[in-house]
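Trainee: Dropping a structure here in structure tokens format, bear with me for questions.
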Amino acid sequence: MAEMTTTDGSSDHSNRDLVVCFGEMLIDFVSSVSGVSLAKAPAFEKAPGGAPANVAVGISRLGGSSAFIGKVGDDPFGYMLADILKKNKVNNSGMRFDHKARTTLAFVSLRSDGEREFLFFRNPSADMLFRESELDVNLIKQAKIFHFGSISLIHEPCKSTHLAAMDIAKKSGSILSYDVNLRLPLWPSSDVAREGIMSVWDRADVIKVSEDEITFLTGGDDAYDDDAVLKKLFHPNLKLFLVSEGGKGCRYYTKRFKGRVEGVKVKPVDTTGAGDAFVSGILSFLASDTSLLEDEKRLREALVFANGCGALVVTKKGAIPAMPTKEEVHRILQQEGLGPR
């Protein structure tokens, strides 16, 4: 087949730039009122979530080509999520529906500073039961970039499925992109989480972490200590290591150069999806031109754009509904004097 037909019926002519996102997709029930605990929230608003799915939608919204591979329940929420991907022009042909387990639900409260408190319902949920035999191998083989997180590494059989998908992507020449996305309450213990997250570390080409994740993974090291970051977390095959700093911006490390890019100042409403939007921004650039990994000036320009993506998302509630278009990102960067000159 010369070209892939996406699930919205349109032919995708940019297959060679395809980003395939693997992992969880779920329903977030977000507190209708900010600044209260989950227990005191008066009501919750339903919103699609799951970091890999957020990234897939973010890339599509920016005009890129993306697909999502994962498992949801054979239930109304599962089909709602598949439909949301389709409406956002994300190829969802790699989704599977479990007849016995339900779609994951997460209740989320927003603190006054926009940070979040989570409570997950998944014992077991459909995404945990994704089997290797259910993988869309041909879709994975088409990926320019294969992107994943760590939640799909927690439970079997999903963990083995995740590892098999990585193997297929690597053998097909895909760039492997890893966003840690630590959700400690989902792991049996901190030690198991650290070991599980690091188990695939050396196989990733691009890794993105937050400051808190650096401290967690290094066992308490200063997240701003370049020596600690490079010594403990930068591996020989890594092409790009990114540290997101929220509204302050990001840091980047390659074998040849390192630096920092200032963030875009906005008033945060909800930080849900900010890191995913940032990842969408940098992967959309990388999918169309991998040579920017060797060009610091162009990498910095891509990271300015990625910071703009993350900034825009925090100005609205929810992740997928808030993912910006390329035009919206360029507009805010121009307003802040950060756009192309």
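The chains in the structure tokens are called A, B, ... from first to last as shown; in each chain the residues are counted from 1, and the ligands are counted from 1 in the order shown.
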Please identify all polymer residues within 6 Å of segment 32-40 of chain A, counting only C-alpha atoms, omitting same-chain residues fewer than 3 positions from it, and present them as a PyMOL selection string.
Mentor: chain A and resi 43-44+109-112
Trainee: Residues at most 12 Å from Asp222 of chain A, counting only C-alpha atoms, excluding those fewer than 6 positions away in the same chain, as a list of chain:residue names?
Mentor: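 Neighbouring residues, sequence-local ones excluded: A:Glu211, A:Asp212, A:Glu213, A:Ile214, A:Thr215, A:Phe216, A:Ala228, A:Val229, A:Lys232.
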Trainee: May I ask which of the residues A:Leu283, A:Arg61, A:Thr254, A:Pro268 is the closest one to Thr325 of chain A, counting only C-alpha atoms?
Mentor: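 Going through A:Leu283, A:Arg61, A:Thr254, A:Pro268 one by one, the smallest distance to Thr325 of chain A is for A:Arg61.
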Trainee: Which polymer residues have any atom within 7 Å of an atom of segment 88-99 of chain A, counting only C-alpha atoms, with same-chain residues fewer than 6 positions away left out, as a VMD selection string?
Mentor: chain A and resid 6 to 8 56 to 57 60 66 to 74 82 126 135 to 136
Trainee: Could you tell me which of A:Lys297, A:His235, A:Arg122, A:Arg183 comes closest to Gly149 of chain A if we count only C-alpha atoms?
Mentor: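 Of all the options, A:Arg183 lies closest to Gly149 of chain A.
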Trainee: Check the smallest atom-to-atom distance from each of A:Gly63, A:Ala287, A:Gly173, A:Leu238 to Lys326 of chain A using only C-alpha atoms, then report the winner.
Mentor: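 That would be A:Gly63, the residue with the smallest distance to Lys326 of chain A.
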Trainee: In Å, how far is it from atom CA of Pro52 of chain A to atom CA of Lys159 of chain A?
Mentor: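 A separation of 15.1 Å between them.
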Trainee: With only C-alpha atoms as the counted atoms, please give the residues lying no more than 7 Å from Cys158 of chain A, apart from itself and same-chain residues fewer than 2 positions off, as a VMD selection string.
Mentor: chain A and resid 128 to 131 152 to 153 155 to 156 160 to 162
Trainee: Going by DSSP on the backbone, which residues of segment 86-140 of chain A come out as strand (DSSP E or B)? List them as JSON, numbers by chain.
Mentor: {"A": [91, 92, 93, 94, 95, 96, 97, 98, 102, 105, 106, 107, 108, 109, 110, 116, 117, 118, 119, 120, 121, 125]}
Trainee: Using DSSP assignments from the backbone, pull out every residue in segment 77-313 of chain A that falls under alpha helix (DSSP H) and give it to me as a ChimeraX atom specification.
Mentor: /A:77-87,137-141,158-171,190-198,211-218,226-233,274-288,296-313
Trainee: Could you pull the residues within 8 Å of Asn307 of chain A, counting only C-alpha atoms, minus those fewer than 4 positions along the same chain, as a list of chain:residue names?
Mentor: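 After dropping sequence-adjacent residues, the list is A:Gly249, A:Cys250, A:Gly263, A:Val264, A:Phe278, A:Gly281, A:Leu303, A:Ala311.
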Trainee: I need the chosen residues saved as a compact mmCIF listing (two decimals), in the first residue's frame, with N, CA and C atoms.
Mentor:
```txt
# COMPACT_ATOMS: atom_id res chain seq x y z
N GLY A 249 10.90 27.69 31.42
CA GLY A 249 11.51 27.30 30.15
C GLY A 249 12.02 25.88 30.17
N CYS A 250 13.18 25.64 29.55
CA CYS A 250 13.74 24.28 29.47
C CYS A 250 15.25 24.33 29.32
N GLY A 263 11.28 30.51 29.14
CA GLY A 263 9.88 30.20 28.91
C GLY A 263 9.08 31.40 28.45
N VAL A 264 7.80 31.17 28.18
CA VAL A 264 6.87 32.22 27.77
C VAL A 264 5.96 32.50 28.96
N PHE A 278 4.54 20.66 25.17
CA PHE A 278 5.97 20.93 24.93
C PHE A 278 6.58 19.83 24.07
N GLY A 281 5.47 19.98 20.53
CA GLY A 281 6.15 21.04 19.79
C GLY A 281 7.51 20.62 19.28
N LEU A 303 12.87 24.80 20.36
CA LEU A 303 12.52 24.76 21.77
C LEU A 303 11.76 26.01 22.21
N ALA A 311 3.12 26.85 27.10
CA ALA A 311 2.55 28.04 27.74
C ALA A 311 1.07 28.21 27.39
```
Trainee: Any idea what's packed within 12 Å of Ser280 of chain A, counting only C-alpha atoms, ignoring anything in its chain fewer than 4 positions away? Could you give it as a VMD selection string?
Mentor: chain A and resid 19 to 21 51 to 66 145 147 177 179 208 273 to 276 284 to 287 302 to 303 305 to 310 313 319 to 320 323 to 326
Trainee: Can you measure atom CA of Glu245 of chain A to atom CA of Leu333 of chain A for me? One decimal in Å is fine.
Mentor: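 Separation between atom CA of Glu245 of chain A and atom CA of Leu333 of chain A: 17.9 Å.
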Trainee: Record the distance separating atom CA of Leu119 of chain A and atom CA of Ala106 of chain A, expressed in Å with one decimal.
Mentor: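 Atom-to-atom, atom CA of Leu119 of chain A and atom CA of Ala106 of chain A are spaced 5.5 Å apart.
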Trainee: May I ask which of the residues A:Thr271, A:Arg331, A:Gly50, A:Leu240 is the closest one to Glu294 of chain A, counting only C-alpha atoms?
Mentor: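 Closest to Glu294 of chain A of all the choices is A:Leu240.
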Trainee: Excluding Asn237 of chain A and residues on its chain fewer than 6 positions from it, collect all residues at most 12 Å away from it, counting only C-alpha atoms, and give them as a PyMOL selection string.
Mentor: chain A and resi 175-176+201-207+254-255
Trainee: Could those residues be written to a file, using all heavy atoms, as a JSON list (two decimals), in the first residue's frame?
Mentor:
```
[["chain", "number", "residue", "atom", "x", "y", "z"],
["A", 175, "ILE", "N", 13.27, 6.98, 15.49],
["A", 175, "ILE", "CA", 13.84, 7.65, 16.66],
["A", 175, "ILE", "C", 12.94, 7.31, 17.85],
["A", 175, "ILE", "O", 11.71, 7.44, 17.77],
["A", 175, "ILE", "CB", 13.87, 9.18, 16.44],
["A", 175, "ILE", "CG1", 14.90, 9.54, 15.37],
["A", 175, "ILE", "CG2", 14.18, 9.92, 17.75],
["A", 175, "ILE", "CD1", 14.85, 11.00, 14.96],
["A", 176, "LEU", "N", 13.53, 6.86, 18.97],
["A", 176, "LEU", "CA", 12.74, 6.54, 20.16],
["A", 176, "LEU", "C", 12.73, 7.73, 21.11],
["A", 176, "LEU", "O", 13.78, 8.20, 21.54],
["A", 176, "LEU", "CB", 13.31, 5.31, 20.86],
["A", 176, "LEU", "CG", 13.35, 3.99, 20.09],
["A", 176, "LEU", "CD1", 13.66, 2.82, 21.01],
["A", 176, "LEU", "CD2", 12.03, 3.74, 19.36],
["A", 201, "TRP", "N", 16.02, 3.17, 29.63],
["A", 201, "TRP", "CA", 16.69, 4.46, 29.50],
["A", 201, "TRP", "C", 17.71, 4.49, 28.37],
["A", 201, "TRP", "O", 17.72, 5.40, 27.54],
["A", 201, "TRP", "CB", 17.37, 4.79, 30.83],
["A", 201, "TRP", "CG", 17.71, 6.23, 31.02],
["A", 201, "TRP", "CD1", 18.91, 6.83, 30.82],
["A", 201, "TRP", "CD2", 16.81, 7.26, 31.45],
["A", 201, "TRP", "NE1", 18.83, 8.18, 31.11],
["A", 201, "TRP", "CE2", 17.55, 8.46, 31.51],
["A", 201, "TRP", "CE3", 15.46, 7.29, 31.80],
["A", 201, "TRP", "CZ2", 16.99, 9.67, 31.90],
["A", 201, "TRP", "CZ3", 14.90, 8.49, 32.19],
["A", 201, "TRP", "CH2", 15.65, 9.67, 32.23],
["A", 202, "ASP", "N", 18.57, 3.48, 28.35],
["A", 202, "ASP", "CA", 19.69, 3.47, 27.39],
["A", 202, "ASP", "C", 19.25, 3.21, 25.96],
["A", 202, "ASP", "O", 20.07, 3.30, 25.03],
["A", 202, "ASP", "CB", 20.72, 2.42, 27.80],
["A", 202, "ASP", "CG", 21.48, 2.82, 29.06],
["A", 202, "ASP", "OD1", 21.33, 3.98, 29.48],
["A", 202, "ASP", "OD2", 22.20, 1.98, 29.62],
["A", 203, "ARG", "N", 17.98, 2.90, 25.75],
["A", 203, "ARG", "CA", 17.50, 2.61, 24.39],
["A", 203, "ARG", "C", 16.84, 3.83, 23.75],
["A", 203, "ARG", "O", 16.58, 3.83, 22.55],
["A", 203, "ARG", "CB", 16.52, 1.44, 24.44],
["A", 203, "ARG", "CG", 17.19, 0.18, 24.96],
["A", 203, "ARG", "CD", 16.21, -0.92, 25.23],
["A", 203, "ARG", "NE", 15.61, -1.41, 24.00],
["A", 203, "ARG", "CZ", 14.57, -2.24, 23.97],
["A", 203, "ARG", "NH1", 14.04, -2.68, 25.08],
["A", 203, "ARG", "NH2", 14.08, -2.63, 22.82],
["A", 204, "ALA", "N", 16.59, 4.86, 24.53],
["A", 204, "ALA", "CA", 15.92, 6.05, 23.99],
["A", 204, "ALA", "C", 16.91, 6.99, 23.32],
["A", 204, "ALA", "O", 18.05, 7.15, 23.77],
["A", 204, "ALA", "CB", 15.19, 6.79, 25.11],
["A", 205, "ASP", "N", 16.48, 7.60, 22.22],
["A", 205, "ASP", "CA", 17.30, 8.60, 21.51],
["A", 205, "ASP", "C", 17.05, 10.01, 22.02],
["A", 205, "ASP", "O", 17.94, 10.86, 22.00],
["A", 205, "ASP", "CB", 16.97, 8.56, 20.01],
["A", 205, "ASP", "CG", 17.23, 7.20, 19.39],
["A", 205, "ASP", "OD1", 18.39, 6.77, 19.41],
["A", 205, "ASP", "OD2", 16.27, 6.57, 18.92],
["A", 206, "VAL", "N", 15.80, 10.26, 22.44],
["A", 206, "VAL", "CA", 15.39, 11.56, 22.97],
["A", 206, "VAL", "C", 14.68, 11.30, 24.29],
["A", 206, "VAL", "O", 13.79, 10.45, 24.36],
["A", 206, "VAL", "CB", 14.44, 12.29, 22.00],
["A", 206, "VAL", "CG1", 13.95, 13.60, 22.61],
["A", 206, "VAL", "CG2", 15.12, 12.55, 20.66],
["A", 207, "ILE", "N", 15.09, 12.00, 25.34],
["A", 207, "ILE", "CA", 14.45, 11.85, 26.65],
["A", 207, "ILE", "C", 14.07, 13.22, 27.18],
["A", 207, "ILE", "O", 14.85, 14.17, 27.11],
["A", 207, "ILE", "CB", 15.38, 11.15, 27.66],
["A", 207, "ILE", "CG1", 15.68, 9.72, 27.22],
["A", 207, "ILE", "CG2", 14.76, 11.15, 29.06],
["A", 207, "ILE", "CD1", 16.68, 8.99, 28.12],
["A", 254, "THR", "N", 23.05, 17.86, 24.45],
["A", 254, "THR", "CA", 23.43, 16.89, 23.42],
["A", 254, "THR", "C", 24.91, 16.56, 23.67],
["A", 254, "THR", "O", 25.53, 17.10, 24.59],
["A", 254, "THR", "CB", 23.26, 17.44, 21.99],
["A", 254, "THR", "OG1", 24.31, 18.38, 21.72],
["A", 254, "THR", "CG2", 21.90, 18.11, 21.79],
["A", 255, "LYS", "N", 25.48, 15.70, 22.85],
["A", 255, "LYS", "CA", 26.90, 15.37, 23.00],
["A", 255, "LYS", "C", 27.79, 16.57, 22.72],
["A", 255, "LYS", "O", 28.91, 16.67, 23.23],
["A", 255, "LYS", "CB", 27.28, 14.22, 22.07],
["A", 255, "LYS", "CG", 26.70, 12.88, 22.49],
["A", 255, "LYS", "CD", 27.03, 11.81, 21.46],
["A", 255, "LYS", "CE", 26.35, 10.51, 21.81],
["A", 255, "LYS", "NZ", 26.52, 9.47, 20.79]]
```
